[in-house]
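Reading through the structure tokens given below for one structure.
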Amino acid sequence: MLNIYFSAEDLGRVRLAPAPDPAWETLLSLHALGGSPDHIVFGPWRATVPDPLDPSISLLRRLAPPRGYSPDFLTPGAGTTLESAVDAITSVDRTRLRSELALLPARRQATPWIRRLAQGEPETMRGLGGAIRRYHQRVLGRPWHRIRTVIEGERALRARDLLDGGVERLLSSIHPLARWEPPVLRVDYPVRQDLVLNGRGLLLIPSYFCWGRPITLRDGELNPVLVYPANRSLQLLTDDSGTPRPTALGRLLGRTRAAVLEEIAASDGTTGGELARRLSISTASASEHTATMRDANLIISQRVKNTVWHTLTPLGQALLEGRRPDDEPPRPTTGAHNGTRPT
């Protein structure tokens, strides 16, 4: 059982990550690579991985076995860009690096590459950063826009919970295995772990590749996070996804308007100018299309200083996912894949 203890101050400092965390998605996708090839969601994606024996993948999988402990330094919570994550990972304090790698099974610690990594050899650390970049580009780069769409849809649902019922309703709705029993959030967990927030608040990170149950860092002294499954409607990352095809959306909305909606879904928020640039249309055309979709309650447009930002509404997200807006997205079953990080 994971017990997260809140104070009144902590409740005011609960945040929701603004976008997919590249470090967490990298780590948890590595877990998924080592899982069952018949997994309902990850199986089709695994078949698209260019080369499971690629040296970058092989190196990283030594640090991220499909079950058990993975070092906390691999998920630094350093922002939403890959480069900021890589910089934080490769510049980790050497004492912390050695202590976390010492928690890996002895046979993994004995490999020459991990021994060099534990010593903080500059060339090996640079190699680790390069492996993460190559992995993200080759394995996650192509489906990243779909991952972003899933995360954005989950954020919209949790934002509605926050607006309708406050932070306690938000905590109550995170996952079926999480129970809000004030002042403690209890999560069914494979080991006993207590996390006392002590006024630091909690960052909630919805994740596509998190499966089965919410997870957290092993070290309770690090910035507190709770990573939880976001893919409640079991969307795939392959072309076999249940999301309506662009051609179907095009027939419904018109080809350009469907493309505008998909571009907005793939962003954390985008402007008319960005839409015009990405889709090679005029700014006036982008403005016309966003105005129409705003009137249809598919998007929200908000002015920030001199810029107007467009984001999806729950109705717009539901249209892209091929479901009714009042349907509760199905939740994934537990036990098929376990990305937990026990001691």
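If you're wondering about the labels, chains in the structure tokens are A, B, ... by order shown, residues count from 1 in each chain, ligands from 1 in order shown.
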
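Neighbouring residues of A:Thr271 at 8 Å or closer, counting only C-alpha atoms and skipping chain neighbours under 6 positions away, are Thr307, Val308, Trp309 and His310 of chain A.
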
Any chance you can output those residues with all heavy atoms as a PDB file, in the first residue's frame?
ATOM      1  N   THR A 307      -1.890  37.110 -27.707  1.00  0.00           N
ATOM      2  CA  THR A 307      -1.976  35.847 -28.442  1.00  0.00           C
ATOM      3  C   THR A 307      -3.231  35.093 -28.033  1.00  0.00           C
ATOM      4  O   THR A 307      -3.612  35.088 -26.863  1.00  0.00           O
ATOM      5  CB  THR A 307      -0.740  34.969 -28.143  1.00  0.00           C
ATOM      6  OG1 THR A 307       0.439  35.702 -28.475  1.00  0.00           O
ATOM      7  CG2 THR A 307      -0.775  33.688 -28.959  1.00  0.00           C
ATOM      8  N   VAL A 308      -3.892  34.460 -29.021  1.00  0.00           N
ATOM      9  CA  VAL A 308      -5.061  33.635 -28.756  1.00  0.00           C
ATOM     10  C   VAL A 308      -4.651  32.171 -28.846  1.00  0.00           C
ATOM     11  O   VAL A 308      -4.117  31.729 -29.871  1.00  0.00           O
ATOM     12  CB  VAL A 308      -6.204  33.931 -29.745  1.00  0.00           C
ATOM     13  CG1 VAL A 308      -7.385  32.998 -29.490  1.00  0.00           C
ATOM     14  CG2 VAL A 308      -6.658  35.381 -29.627  1.00  0.00           C
ATOM     15  N   TRP A 309      -4.899  31.420 -27.761  1.00  0.00           N
ATOM     16  CA  TRP A 309      -4.543  30.010 -27.694  1.00  0.00           C
ATOM     17  C   TRP A 309      -5.796  29.163 -27.835  1.00  0.00           C
ATOM     18  O   TRP A 309      -6.830  29.465 -27.248  1.00  0.00           O
ATOM     19  CB  TRP A 309      -3.857  29.692 -26.363  1.00  0.00           C
ATOM     20  CG  TRP A 309      -2.466  30.228 -26.286  1.00  0.00           C
ATOM     21  CD1 TRP A 309      -2.091  31.487 -25.927  1.00  0.00           C
ATOM     22  CD2 TRP A 309      -1.267  29.535 -26.608  1.00  0.00           C
ATOM     23  NE1 TRP A 309      -0.728  31.630 -25.992  1.00  0.00           N
ATOM     24  CE2 TRP A 309      -0.197  30.444 -26.410  1.00  0.00           C
ATOM     25  CE3 TRP A 309      -0.987  28.243 -27.033  1.00  0.00           C
ATOM     26  CZ2 TRP A 309       1.118  30.079 -26.631  1.00  0.00           C
ATOM     27  CZ3 TRP A 309       0.333  27.883 -27.256  1.00  0.00           C
ATOM     28  CH2 TRP A 309       1.364  28.785 -27.047  1.00  0.00           C
ATOM     29  N   HIS A 310      -5.674  28.095 -28.627  1.00  0.00           N
ATOM     30  CA  HIS A 310      -6.803  27.198 -28.875  1.00  0.00           C
ATOM     31  C   HIS A 310      -6.510  25.834 -28.254  1.00  0.00           C
ATOM     32  O   HIS A 310      -5.428  25.267 -28.459  1.00  0.00           O
ATOM     33  CB  HIS A 310      -7.031  27.023 -30.379  1.00  0.00           C
ATOM     34  CG  HIS A 310      -7.161  28.309 -31.125  1.00  0.00           C
ATOM     35  ND1 HIS A 310      -8.245  29.156 -30.992  1.00  0.00           N
ATOM     36  CD2 HIS A 310      -6.322  28.921 -32.022  1.00  0.00           C
ATOM     37  CE1 HIS A 310      -8.087  30.214 -31.778  1.00  0.00           C
ATOM     38  NE2 HIS A 310      -6.932  30.097 -32.397  1.00  0.00           N
TER      39      HIS A 310
END

Taking a cut-off of 9 Å and counting only C-alpha atoms, can you build a table that, for each residue of stretch 160-247 of chain A near stretch 19-34 of chain A, reports the nearest atom pair and how far apart they are in Å (one decimal), sorted by chain then residue number, as a tab-separated table?
residue	atom	partner	partner_atom	distance
A:Ile205	CA	A:Asp21	CA	7.5
A:Pro206	CA	A:Pro20	CA	7.2
A:Ser207	CA	A:Pro20	CA	6.5
A:Tyr208	CA	A:Glu25	CA	7.0
A:Phe209	CA	A:Leu28	CA	5.4
A:Cys210	CA	A:Leu28	CA	6.1
A:Trp211	CA	A:Leu28	CA	8.6
A:Val227	CA	A:Trp24	CA	8.3

Test item, helix (DSSP H, G or I) assignment across stretch 53-293 of chain A, answer as a PyMOL selection string: chain A and resi 55-63+72-74+82-90+94-101+106-109+112-118+122-140+144-172+246-253+255-265+272-279+283-293

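The shortest atom-to-atom distance to A:Ser233, with only C-alpha atoms taken into account, belongs to A:Gln317 out of A:Ser91, A:Ser70, A:Gln119, A:Gln317.
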
Strand (DSSP E or B) per DSSP on the backbone: members of stretch 125-325 of chain A, as a ChimeraX atom specification: /A:178-181,184-187,193-196,202-207,215,225-229,270-271,299-304,307-312

Spatial neighbours of A:Leu185, max dist 7 Å, only C-alpha atoms, sep filter under 2 positions, as a list of chain:residue names: A:Asn3, A:Ile4, A:Tyr5, A:Ala178, A:Arg179, A:Trp180, A:Glu181, A:Pro183, A:Val187

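Each of A:Thr216, A:Leu202, A:Pro229, A:Asn297 was compared to A:Ser173 using only C-alpha atoms, and A:Pro229 turns out to be the nearest.
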